[in-house]
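Coordinates as given in my_file13.csv (CSV, C-alpha atoms):
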chain,number,residue,atom,x,y,z
A,1,MET,CA,53.1,-78.1,-59.9
A,2,ASN,CA,50.2,-77.8,-62.3
A,3,LEU,CA,47.9,-75.2,-60.9
A,4,ARG,CA,45.2,-76.1,-63.3
A,5,SER,CA,45.0,-79.7,-62.1
A,6,ARG,CA,44.6,-78.5,-58.5
A,7,LYS,CA,41.1,-78.3,-57.5
A,8,ILE,CA,40.3,-75.4,-55.3
A,9,GLN,CA,37.2,-75.8,-53.4
A,10,SER,CA,35.6,-72.9,-51.6
A,11,ARG,CA,34.0,-73.7,-48.4
A,12,ARG,CA,31.1,-71.7,-47.0
A,13,VAL,CA,31.3,-70.9,-43.4
A,14,LYS,CA,28.0,-71.6,-41.7
A,15,ARG,CA,27.0,-68.8,-39.3
A,16,ALA,CA,24.5,-69.0,-36.6
A,17,PRO,CA,21.5,-66.9,-37.4
A,18,CYS,CA,21.2,-63.7,-35.3
A,19,ARG,CA,18.4,-63.7,-32.8
A,20,PHE,CA,16.9,-60.6,-31.3
A,21,VAL,CA,15.0,-60.9,-28.1
A,22,VAL,CA,12.0,-58.5,-28.1
A,23,ILE,CA,10.5,-57.7,-24.7
A,24,LYS,CA,6.8,-57.2,-25.0
A,25,ASP,CA,5.3,-55.7,-21.9
A,26,GLU,CA,2.6,-53.4,-23.1
A,27,GLY,CA,4.9,-50.6,-24.1
A,28,VAL,CA,6.9,-50.4,-20.8
A,29,ASP,CA,10.5,-49.5,-21.5
A,30,ILE,CA,13.4,-51.3,-19.8
A,31,ILE,CA,14.3,-48.3,-17.5
A,32,SER,CA,10.8,-48.3,-16.0
A,33,ARG,CA,11.2,-52.0,-15.2
A,34,LEU,CA,14.0,-51.1,-12.7
A,35,PRO,CA,13.2,-51.1,-9.0
A,36,ASP,CA,12.4,-47.8,-7.3
A,37,ALA,CA,15.6,-47.8,-5.2
A,38,LEU,CA,17.8,-48.0,-8.3
A,39,LEU,CA,15.8,-45.4,-10.2
A,40,THR,CA,16.0,-43.0,-7.2
A,41,TYR,CA,19.7,-43.5,-7.1
A,42,ILE,CA,20.0,-42.6,-10.8
A,43,LEU,CA,17.9,-39.5,-10.4
A,44,SER,CA,20.0,-38.4,-7.5
A,45,LEU,CA,23.0,-38.1,-9.9
A,46,LEU,CA,21.1,-35.5,-11.9
A,47,PRO,CA,20.7,-31.8,-11.1
A,48,ASP,CA,17.7,-31.1,-8.9
A,49,ALA,CA,15.7,-29.3,-11.7
A,50,ASP,CA,16.2,-32.1,-14.2
A,51,ALA,CA,15.3,-34.8,-11.6
A,52,ASN,CA,12.0,-32.9,-10.8
A,53,ARG,CA,11.1,-32.8,-14.5
A,54,THR,CA,10.9,-36.6,-14.7
A,55,ARG,CA,7.6,-36.6,-12.7
A,56,VAL,CA,5.7,-35.8,-16.0
A,57,LEU,CA,6.9,-38.9,-17.7
A,58,SER,CA,4.3,-41.3,-16.3
A,59,ASN,CA,2.4,-42.3,-13.2
A,60,ARG,CA,5.3,-44.5,-12.3
A,61,TRP,CA,7.7,-41.5,-12.2
A,62,LYS,CA,5.2,-39.1,-10.6
A,63,ASN,CA,6.4,-39.5,-7.1
A,64,LEU,CA,9.9,-40.9,-7.5
A,65,TRP,CA,11.6,-37.5,-7.1
A,66,LEU,CA,10.0,-37.1,-3.7
A,67,PHE,CA,12.4,-39.8,-2.3
A,68,LEU,CA,15.6,-38.0,-3.5
A,69,PRO,CA,18.0,-36.8,-0.9
A,70,ASN,CA,17.6,-33.2,-2.2
A,71,LEU,CA,14.2,-31.5,-2.2
A,72,HIS,CA,13.6,-28.4,-4.4
A,73,PHE,CA,10.4,-26.4,-4.2
A,74,VAL,CA,9.7,-23.2,-6.1
A,75,MET,CA,6.5,-21.4,-5.5
A,76,PRO,CA,5.2,-19.7,-8.7
A,77,PHE,CA,3.5,-16.4,-8.7
A,78,CYS,CA,0.0,-17.1,-7.7
A,79,TRP,CA,-3.0,-15.0,-8.9
A,80,SER,CA,-5.6,-16.6,-6.6
A,81,ILE,CA,-5.9,-18.1,-3.1
A,82,GLY,CA,-6.6,-21.5,-4.8
A,83,GLU,CA,-3.2,-21.5,-6.5
A,84,VAL,CA,-1.5,-20.6,-3.2
A,85,LYS,CA,-3.3,-23.5,-1.4
A,86,LYS,CA,-2.4,-25.9,-4.2
A,87,PHE,CA,1.3,-25.2,-3.8
A,88,HIS,CA,1.1,-25.5,0.0
A,89,ASP,CA,-0.8,-28.8,-0.3
A,90,SER,CA,1.8,-30.2,-2.7
A,91,VAL,CA,4.6,-29.5,-0.3
A,92,ASP,CA,2.6,-31.1,2.6
A,93,GLN,CA,1.9,-34.2,0.5
A,94,ALA,CA,5.6,-34.5,-0.5
A,95,LEU,CA,6.8,-34.4,3.0
A,96,ALA,CA,4.1,-36.8,4.2
A,97,LEU,CA,5.0,-39.4,1.5
A,98,ARG,CA,8.7,-39.3,2.5
A,99,GLY,CA,7.9,-40.0,6.1
A,100,GLY,CA,11.0,-39.7,8.2
A,101,MET,CA,13.6,-40.2,5.5
A,102,PRO,CA,16.7,-38.1,6.0
A,103,ILE,CA,17.0,-35.0,3.8
A,104,GLU,CA,20.4,-33.9,2.5
A,105,LYS,CA,19.4,-30.4,1.1
A,106,PHE,CA,16.1,-28.6,1.3
A,107,PHE,CA,15.5,-25.6,-1.1
A,108,LEU,CA,12.4,-23.5,-0.8
A,109,TYR,CA,11.6,-20.4,-2.9
A,110,CYS,CA,8.5,-18.5,-1.6
A,111,SER,CA,6.7,-15.8,-3.5
A,112,LYS,CA,4.1,-13.3,-2.2
A,113,ASN,CA,1.0,-14.6,-0.4
A,114,CYS,CA,3.0,-17.4,1.1
A,115,ASP,CA,1.5,-18.8,4.3
A,116,TYR,CA,4.5,-18.5,6.7
A,117,ASP,CA,2.7,-20.6,9.4
A,118,ARG,CA,2.8,-23.6,7.0
A,119,VAL,CA,6.5,-22.8,6.2
A,120,TYR,CA,7.2,-23.1,9.9
A,121,GLY,CA,5.6,-26.5,9.8
A,122,TRP,CA,7.7,-27.6,6.9
A,123,LEU,CA,10.9,-26.5,8.6
A,124,SER,CA,9.8,-28.4,11.7
A,125,THR,CA,9.5,-31.5,9.6
A,126,ILE,CA,12.8,-31.2,7.9
A,127,VAL,CA,14.6,-30.7,11.2
A,128,LYS,CA,13.1,-34.1,12.3
A,129,CYS,CA,14.4,-35.5,9.0
A,130,LYS,CA,17.9,-34.4,10.0
A,131,VAL,CA,18.5,-31.9,7.2
A,132,HIS,CA,22.1,-31.1,6.4
A,133,GLU,CA,21.7,-28.0,4.1
A,134,LEU,CA,18.9,-25.5,4.0
A,135,GLU,CA,18.4,-22.7,1.4
A,136,LEU,CA,15.4,-20.3,1.8
A,137,ARG,CA,14.4,-17.5,-0.5
A,138,PHE,CA,11.7,-15.2,0.7
A,139,PRO,CA,10.1,-12.3,-1.2
A,140,ALA,CA,10.4,-8.6,-0.3
A,141,ASP,CA,8.0,-8.9,2.6
A,142,ARG,CA,9.6,-7.0,5.5
A,143,PHE,CA,6.5,-7.3,7.8
A,144,ARG,CA,5.4,-10.9,7.5
A,145,ALA,CA,8.5,-13.0,6.7
A,146,ARG,CA,10.3,-14.1,9.8
A,147,PHE,CA,12.9,-16.8,10.4
A,148,CYS,CA,12.2,-19.3,13.1
A,149,TRP,CA,15.4,-19.4,15.2
A,150,ASP,CA,14.2,-21.6,18.0
A,151,LEU,CA,13.7,-24.6,15.7
A,152,PHE,CA,17.4,-25.1,15.1
A,153,LYS,CA,18.8,-24.8,18.6
A,154,THR,CA,18.8,-28.5,19.0
A,155,CYS,CA,19.4,-29.5,15.4
A,156,ASN,CA,22.7,-31.3,15.3
A,157,THR,CA,22.7,-32.1,11.6
A,158,LEU,CA,22.4,-28.6,9.9
A,159,VAL,CA,25.8,-27.6,8.6
A,160,ALA,CA,25.0,-25.1,5.8
A,161,LEU,CA,22.4,-22.2,5.7
A,162,THR,CA,21.6,-19.9,2.8
A,163,LEU,CA,19.1,-17.0,3.1
A,164,ARG,CA,18.1,-14.9,0.1
A,165,GLY,CA,15.6,-12.1,-0.4
A,166,GLU,CA,14.8,-8.6,0.8
A,167,PHE,CA,13.1,-9.6,4.0
A,168,VAL,CA,14.1,-8.3,7.5
A,169,LEU,CA,16.6,-10.6,9.3
A,170,ASP,CA,16.0,-10.0,13.0
A,171,VAL,CA,18.3,-12.2,15.0
A,172,PRO,CA,17.7,-12.5,18.7
A,173,GLN,CA,20.6,-12.5,21.2
A,174,ALA,CA,21.2,-16.0,22.3
A,175,GLU,CA,24.1,-18.1,23.4
A,176,LEU,CA,23.3,-20.8,20.9
A,177,LEU,CA,21.3,-20.7,17.6
A,178,PHE,CA,23.0,-23.3,15.4
A,179,PRO,CA,25.1,-25.8,17.3
A,180,CYS,CA,26.7,-27.5,14.2
A,181,LEU,CA,26.4,-24.8,11.5
A,182,LYS,CA,29.7,-24.4,9.5
A,183,LYS,CA,28.6,-22.3,6.5
A,184,ILE,CA,26.3,-19.2,6.1
A,185,ASN,CA,25.4,-17.4,3.0
A,186,LEU,CA,23.4,-14.1,3.2
A,187,VAL,CA,22.3,-12.5,-0.1
A,188,SER,CA,20.3,-9.3,-0.5
A,189,ILE,CA,19.1,-9.3,3.1
A,190,LEU,CA,17.5,-6.4,5.1
A,191,TYR,CA,18.7,-6.3,8.7
A,192,SER,CA,16.9,-5.1,11.8
A,193,GLY,CA,20.2,-3.4,12.8
A,194,ASP,CA,23.9,-4.0,13.3
A,195,GLU,CA,23.3,-6.4,16.1
A,196,SER,CA,21.7,-8.9,13.7
A,197,ILE,CA,25.0,-10.0,12.2
A,198,VAL,CA,26.7,-9.9,15.6
A,199,ASN,CA,24.0,-12.1,17.2
A,200,LEU,CA,23.9,-14.6,14.2
A,201,ILE,CA,27.7,-15.1,14.2
A,202,SER,CA,28.0,-15.4,18.0
A,203,GLY,CA,25.2,-18.0,18.0
A,204,CYS,CA,27.2,-20.3,15.7
A,205,PRO,CA,30.1,-21.7,17.8
A,206,VAL,CA,31.7,-23.8,15.0
A,207,LEU,CA,31.2,-21.5,12.1
A,208,GLU,CA,33.9,-21.8,9.5
A,209,GLU,CA,32.7,-20.0,6.3
A,210,LEU,CA,30.7,-16.8,5.9
A,211,PHE,CA,29.6,-15.1,2.7
A,212,VAL,CA,27.6,-11.8,2.8
A,213,GLU,CA,26.5,-10.1,-0.4
A,214,ARG,CA,24.8,-6.7,0.0
A,215,GLN,CA,22.7,-6.2,-3.2
A,216,VAL,CA,19.7,-4.2,-2.0
A,217,ILE,CA,19.1,-1.8,-4.8
A,218,GLY,CA,17.9,1.7,-4.1
A,219,GLN,CA,17.4,1.4,-0.4
A,220,PHE,CA,19.4,1.1,2.8
A,221,ASP,CA,19.7,-2.4,4.3
A,222,ASN,CA,20.0,-1.0,7.9
A,223,LEU,CA,23.5,-2.3,8.3
A,224,GLN,CA,25.9,0.5,9.2
A,225,THR,CA,28.6,-1.5,10.8
A,226,PHE,CA,29.4,-5.0,9.6
A,227,LYS,CA,31.1,-6.8,12.5
A,228,VAL,CA,32.5,-10.3,12.3
A,229,SER,CA,33.8,-11.7,15.5
A,230,SER,CA,34.3,-15.5,15.5
A,231,PRO,CA,37.0,-17.7,17.1
A,232,SER,CA,36.3,-20.5,14.5
A,233,LEU,CA,35.9,-18.7,11.2
A,234,LYS,CA,38.3,-19.8,8.4
A,235,ARG,CA,36.9,-18.3,5.2
A,236,LEU,CA,35.2,-14.9,4.8
A,237,ARG,CA,33.8,-13.4,1.6
A,238,ILE,CA,32.1,-10.0,1.5
A,239,SER,CA,30.6,-8.4,-1.5
A,240,PHE,CA,29.3,-4.8,-1.2
A,241,ALA,CA,28.4,-4.1,-4.8
A,242,LEU,CA,25.1,-2.4,-5.2
A,243,CYS,CA,24.3,-0.6,-2.0
A,244,ILE,CA,23.7,3.1,-1.5
A,245,LEU,CA,26.9,5.0,-0.8
A,246,GLY,CA,27.5,6.1,2.8
A,247,ASN,CA,29.8,5.9,5.7
A,248,TYR,CA,30.0,2.2,6.5
A,249,ARG,CA,32.4,0.3,8.7
A,250,VAL,CA,33.7,-3.3,8.6
A,251,VAL,CA,35.2,-4.8,11.7
A,252,ILE,CA,36.8,-8.2,11.5
A,253,ASP,CA,38.2,-10.2,14.4
A,254,ALA,CA,38.7,-13.8,13.4
A,255,PRO,CA,42.0,-15.3,14.7
A,256,LYS,CA,41.7,-18.5,12.7
A,257,LEU,CA,40.9,-16.8,9.4
A,258,GLU,CA,42.7,-18.4,6.4
A,259,TYR,CA,41.1,-16.8,3.4
A,260,ILE,CA,39.4,-13.4,2.9
A,261,TYR,CA,37.8,-11.9,-0.2
A,262,ILE,CA,36.6,-8.3,-0.3
A,263,LEU,CA,34.6,-6.8,-3.2
A,264,ASP,CA,33.7,-3.2,-2.3
A,265,VAL,CA,32.5,-0.3,-4.3
A,266,MET,CA,31.1,1.6,-1.2
A,267,SER,CA,32.8,4.1,1.0
A,268,THR,CA,33.8,1.6,3.7
A,269,ASP,CA,36.2,2.0,6.6
A,270,TYR,CA,38.0,-1.3,7.5
A,271,SER,CA,39.3,-2.5,10.8
A,272,LEU,CA,41.0,-5.9,10.9
A,273,THR,CA,42.8,-7.8,13.6
A,274,MET,CA,45.5,-9.6,11.6
A,275,PRO,CA,44.9,-13.4,11.9
A,276,MET,CA,48.1,-15.4,12.4
A,277,SER,CA,46.9,-18.2,10.1
A,278,LEU,CA,45.8,-16.0,7.1
A,279,VAL,CA,47.1,-17.6,3.9
A,280,GLU,CA,45.3,-15.8,1.0
A,281,ALA,CA,43.6,-12.4,0.5
A,282,ASN,CA,41.8,-11.1,-2.5
A,283,ILE,CA,40.8,-7.4,-2.6
A,284,LYS,CA,38.8,-5.7,-5.3
A,285,ALA,CA,37.8,-2.2,-4.1
A,286,ARG,CA,37.0,1.2,-5.4
A,287,THR,CA,39.5,3.5,-3.8
A,288,ASP,CA,38.5,7.0,-5.0
A,289,SER,CA,36.8,7.8,-1.7
A,290,ASN,CA,38.4,5.4,0.8
A,291,THR,CA,42.0,5.2,-0.3
A,292,GLU,CA,43.4,5.5,3.3
A,293,SER,CA,41.3,2.6,4.6
A,294,ILE,CA,42.2,0.3,1.7
A,295,ALA,CA,45.9,1.2,2.0
A,296,GLN,CA,45.7,0.3,5.7
A,297,ILE,CA,44.1,-3.1,5.1
A,298,VAL,CA,46.5,-3.9,2.3
A,299,ALA,CA,49.4,-3.1,4.7
A,300,ILE,CA,47.8,-5.3,7.4
A,301,LEU,CA,47.3,-8.2,4.9
A,302,SER,CA,50.8,-7.9,3.4
A,303,PRO,CA,52.2,-10.8,5.4
A,304,VAL,CA,49.9,-13.3,3.7
A,305,LYS,CA,51.3,-15.9,1.3
A,306,ILE,CA,49.0,-15.0,-1.6
A,307,LEU,CA,47.8,-11.4,-2.0
A,308,THR,CA,45.6,-10.5,-5.1
A,309,LEU,CA,44.9,-6.9,-5.9
A,310,THR,CA,42.8,-5.8,-8.9
A,311,ASP,CA,43.9,-2.9,-11.1
A,312,SER,CA,41.2,-0.6,-9.6
A,313,THR,CA,42.6,-1.3,-6.1
A,314,LEU,CA,46.2,-0.6,-7.3
A,315,MET,CA,45.1,2.6,-9.1
A,316,GLY,CA,43.9,4.0,-5.8
A,317,LEU,CA,47.0,3.0,-3.9
A,318,VAL,CA,49.6,4.2,-6.4
A,319,PRO,CA,49.3,6.2,-9.7
A,320,PHE,CA,49.1,3.0,-11.7
A,321,PRO,CA,49.0,3.6,-15.5
A,322,ARG,CA,45.8,2.6,-17.1
A,323,ILE,CA,46.1,1.3,-20.6
A,324,GLN,CA,43.4,3.5,-22.1
A,325,TYR,CA,45.0,6.6,-20.7
A,326,ALA,CA,48.7,5.6,-20.9
A,327,PHE,CA,49.7,8.5,-23.2
A,328,ASN,CA,49.4,11.1,-20.3
A,329,MET,CA,50.0,9.0,-17.1
A,330,ASN,CA,53.3,7.9,-15.7
A,331,TRP,CA,53.9,5.7,-12.7
A,332,VAL,CA,55.8,7.3,-9.8
A,333,PRO,CA,57.7,4.9,-7.5
A,334,PRO,CA,56.9,5.3,-3.8
A,335,GLU,CA,59.5,7.1,-1.6
A,336,TYR,CA,60.3,3.9,0.4
A,337,VAL,CA,60.3,0.4,-0.8
A,338,PRO,CA,57.6,-1.7,0.9
A,339,GLY,CA,58.9,-4.2,3.4
A,340,CYS,CA,56.8,-7.0,2.0
A,341,LEU,CA,58.4,-6.4,-1.4
A,342,ARG,CA,62.0,-6.5,0.1
A,343,HIS,CA,61.6,-9.4,2.4
A,344,LYS,CA,58.5,-11.6,2.0
A,345,ILE,CA,57.2,-11.8,-1.6
A,346,THR,CA,58.3,-15.0,-3.5
A,347,GLU,CA,55.8,-15.0,-6.4
A,348,ILE,CA,54.2,-12.2,-8.4
A,349,THR,CA,51.5,-12.8,-11.0
A,350,ILE,CA,50.3,-10.0,-13.3
A,351,CYS,CA,47.0,-11.0,-15.0
A,352,ASN,CA,47.1,-8.5,-17.8
A,353,ARG,CA,44.7,-8.8,-20.7
A,354,GLU,CA,46.5,-6.5,-23.1
A,355,PRO,CA,50.2,-6.2,-24.2
A,356,VAL,CA,52.6,-4.4,-21.8
A,357,ILE,CA,53.0,-0.8,-22.7
A,358,GLN,CA,55.9,1.6,-22.2
A,359,GLU,CA,54.6,3.2,-19.0
A,360,GLU,CA,54.1,-0.3,-17.4
A,361,PHE,CA,57.7,-1.4,-17.9
A,362,GLY,CA,58.7,1.0,-15.1
A,363,LEU,CA,56.4,-0.7,-12.6
A,364,ILE,CA,57.6,-4.2,-13.7
A,365,ARG,CA,61.2,-3.0,-13.4
A,366,TYR,CA,60.5,-1.7,-9.9
A,367,LEU,CA,58.9,-5.0,-8.8
A,368,LEU,CA,61.7,-7.2,-10.2
A,369,GLN,CA,64.5,-4.9,-8.9
A,370,HIS,CA,63.3,-4.6,-5.3
A,371,SER,CA,61.9,-8.1,-4.7
A,372,THR,CA,65.0,-9.6,-3.1
A,373,ASN,CA,63.3,-13.0,-2.3
A,374,LEU,CA,61.4,-13.3,-5.6
A,375,ARG,CA,61.4,-16.7,-7.2
A,376,ILE,CA,58.7,-16.5,-9.9
A,377,PHE,CA,57.4,-13.5,-11.9
A,378,ARG,CA,54.4,-14.5,-14.1
A,379,ILE,CA,52.9,-12.3,-16.8
A,380,ASN,CA,50.6,-12.9,-19.7
A,381,GLY,CA,52.9,-12.9,-22.7
A,382,HIS,CA,50.4,-14.2,-25.3
A,383,ARG,CA,49.8,-10.7,-26.8
A,384,ASN,CA,53.4,-9.4,-26.4
A,385,ASP,CA,55.7,-9.6,-29.3
A,386,SER,CA,59.2,-11.1,-29.2
A,387,LYS,CA,60.9,-7.8,-28.6
A,388,SER,CA,58.7,-7.0,-25.5
A,389,ARG,CA,59.3,-10.5,-24.1
A,390,GLU,CA,63.1,-10.1,-24.6
A,391,ARG,CA,63.0,-6.7,-22.9
A,392,LEU,CA,61.1,-8.2,-19.9
A,393,LEU,CA,63.7,-11.0,-19.6
A,394,SER,CA,66.5,-8.5,-19.6
A,395,LEU,CA,65.2,-6.3,-16.8
A,396,PRO,CA,67.5,-6.2,-13.7
A,397,ARG,CA,66.4,-8.4,-10.8
A,398,GLY,CA,67.0,-8.1,-7.1
A,399,SER,CA,67.0,-11.9,-6.6
A,400,ASN,CA,69.4,-14.3,-8.3
A,401,GLN,CA,66.9,-17.1,-8.0
A,402,SER,CA,64.0,-15.3,-9.7
A,403,ARG,CA,62.7,-16.3,-13.2
A,404,VAL,CA,60.2,-14.8,-15.5
A,405,GLU,CA,57.4,-17.0,-16.8
A,406,PHE,CA,55.0,-16.1,-19.7
A,407,VAL,CA,51.6,-17.7,-19.4

Would you mind giving the structure from this file in structure tokens?
Amino acid sequence: MNLRSRKIQSRRVKRAPCRFVVIKDEGVDIISRLPDALLTYILSLLPDADANRTRVLSNRWKNLWLFLPNLHFVMPFCWSIGEVKKFHDSVDQALALRGGMPIEKFFLYCSKNCDYDRVYGWLSTIVKCKVHELELRFPADRFRARFCWDLFKTCNTLVALTLRGEFVLDVPQAELLFPCLKKINLVSILYSGDESIVNLISGCPVLEELFVERQVIGQFDNLQTFKVSSPSLKRLRISFALCILGNYRVVIDAPKLEYIYILDVMSTDYSLTMPMSLVEANIKARTDSNTESIAQIVAILSPVKILTLTDSTLMGLVPFPRIQYAFNMNWVPPEYVPGCLRHKITEITICNREPVIQEEFGLIRYLLQHSTNLRIFRINGHRNDSKSRERLLSLPRGSNQSRVEFV
């Protein structure tokens, strides 16, 4: 074949010209052309603070955030009565524009000079709007700030309540306060007395979760005995971190309790009726002044499936070697092997941040040797060299089914 005699013709492919459609509508973007219902749905997917910021975009966006399921109001520090009135009027206007639309969550942060009569009116409105979650933060105003308990006795939608601020919580004695409330968070609260907690819990017949954080700095919060008695409570978290030291008591009677978390740096005496359904317990306590009490509660909680003890808690229960003082401290095994170690523990996890040192091998050997039902022993082996890991693997074990895992 003579290639020179062959005519090669190139063909040009004709392509349709690209056409761009330009929407000219006096500078209005495509998003703003969407209906209000769709825009409101998009805003509901954003965090509350971000959704509220969209009101400065244009007049179209000014009131869209008011129709979101969550309402978030933060009262700034006001220097004048006019500024206070302006904030109060804005909340009144927002609730009026919504009408009777249901409210999923209502957050209100009040500062000083707040008009609590108008706050009472707002709470009355959200109860009519079938609010599900309520979070209130009041300033340190022990004489004026009061919670309106009577409003919620017939509210069948409120399931979560959070109260923050150094105001006095005075709970009246009543058979019913919150008929459907399942979750309570109390943070930095001042109490009128020990009966406040008792009355609050007894007025919530279906309460399942309770969190109490005592963070009143430099003053007594008027709570000497913290008593929890609830037939329905399943989760309890208490954090006594920054209160003044004293002789405090904690009494817990919750037969359906499944999870308990205790963070305590106070001198607290504990009394606990062991729940039959308790699954997990997490204890972080300072034991230099209440060793006997912590040892007692650890013994009571020993039948749980998951028991987490921090190093500070262990150091008070046994002479546990601290890494920074390891050169002059040795761990001394107890006289009798704990029953939970011999019969019940199936998993042990040591969350160490540093390599295992010589003094700590004795404790690990003791745990492995006397845990007759142990299946998994986990330890952070990231910072341990190969010789240390081999030594850990070669330690004698009381259970033939146990294995050592490095995480």

**Prompt:** Near region 208-217 of chain A, counting only C-alpha atoms, which residues have an atom at most 8 Å away, once you skip same-chain residues fewer than 3 positions from it, shown as a list of chain:residue names?
**Reply:**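 Once the nearby chain positions are removed, what remains is A:Glu166, A:Lys182, A:Lys183, A:Ile184, A:Asn185, A:Leu186, A:Val187, A:Ser188, A:Ile189, A:Leu190, A:Phe220, A:Asp221, A:Ser232, A:Leu233, A:Lys234, A:Arg235, A:Leu236, A:Arg237, A:Ile238, A:Ser239, A:Phe240, A:Ala241, A:Leu242, A:Cys243, A:Ile244.
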
**Message:** List as a VMD selection string the protein and nucleic acid residues near Asn373 (chain A), meaning an atom at most 7 Å away when only C-alpha atoms are counted, but skip any in the same chain fewer than 4 places from it.
**Reply:** chain A and resid 343 to 346 399

**Asked** Within 9 Å of (19.9, -32.8, 8.1), in the coordinates the file gives, what residues turn up when you count all atoms listed in the file, written out as a list in words?
**Response**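 Those residues lying close to the given coordinates are Pro102, Ile103, Glu104, Lys105, Phe106, Ile126, Val127, Lys128, Cys129, Lys130, Val131, His132, Glu133, Leu134, Cys155, Asn156, Thr157, Leu158 and Val159 of chain A.
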
**Request:** For region 335-342 of chain A, work out the shell of residues within 7 Å, counting all atoms listed in the file and skipping chain neighbours fewer than 3 positions away, then give it as number ranges by chain.
**Result:** A: 302-303, 345, 370-372

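Ranking A:Arg378, A:Arg137, A:Arg365, A:Arg98 by their shortest atom-to-atom distance to Ile350 (chain A), with all atoms listed in the file included, puts A:Arg378 first.
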
**Pick from A:Leu71, A:Val265, A:Ile81, A:Ala96 nearest to Tyr109 (chain A), counting all atoms listed in the file** =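 Ranked by minimum distance to Tyr109 (chain A), first place goes to A:Leu71.
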
**Asked** Using all atoms listed in the file, which residues sit within 9 Å of Phe67 (chain A) once same-chain residues fewer than 5 positions away are excluded, as an MDAnalysis selection string?
**Response** chainID A and resid 40 94 97:98 101

**Asked** What separation in Å, quoted to one decimal, exists between CA of Pro334 (chain A) and CA of Phe361 (chain A)?
**Response**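 A separation of 15.6 Å between them.
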
**Message:** My list of candidates is A:Leu207, A:Leu257, A:Ala295, A:Val404. Which is closest to Ser277 (chain A) when distances are computed with all atoms listed in the file?
**Reply:**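 Going through A:Leu207, A:Leu257, A:Ala295, A:Val404 one by one, the smallest distance to Ser277 (chain A) is for A:Leu257.
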
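Atom to atom, CA of Gly99 (chain A) and CA of Phe147 (chain A) stand 24.1 Å apart.
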
**Request:** Can you work out which one of A:Leu363, A:Ile262, A:Pro396, A:Leu66 has the shortest atom-to-atom distance to Asp48 (chain A), counting all atoms listed in the file?
**Result:** A:Leu66

**Message:** List as number ranges by chain the protein and nucleic acid residues near Val91 (chain A), meaning an atom at most 12 Å away when only C-alpha atoms are counted, but skip any in the same chain fewer than 2 places from it.
**Reply:** A: 66, 71-75, 84-89, 93-98, 106-110, 118-119, 121-123, 125-126

**Item:** Straight-line distance linking CA of Leu161 (chain A) with CA of Leu177 (chain A), stated in Å to one decimal
**Value:**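 The value is 12.0 Å.
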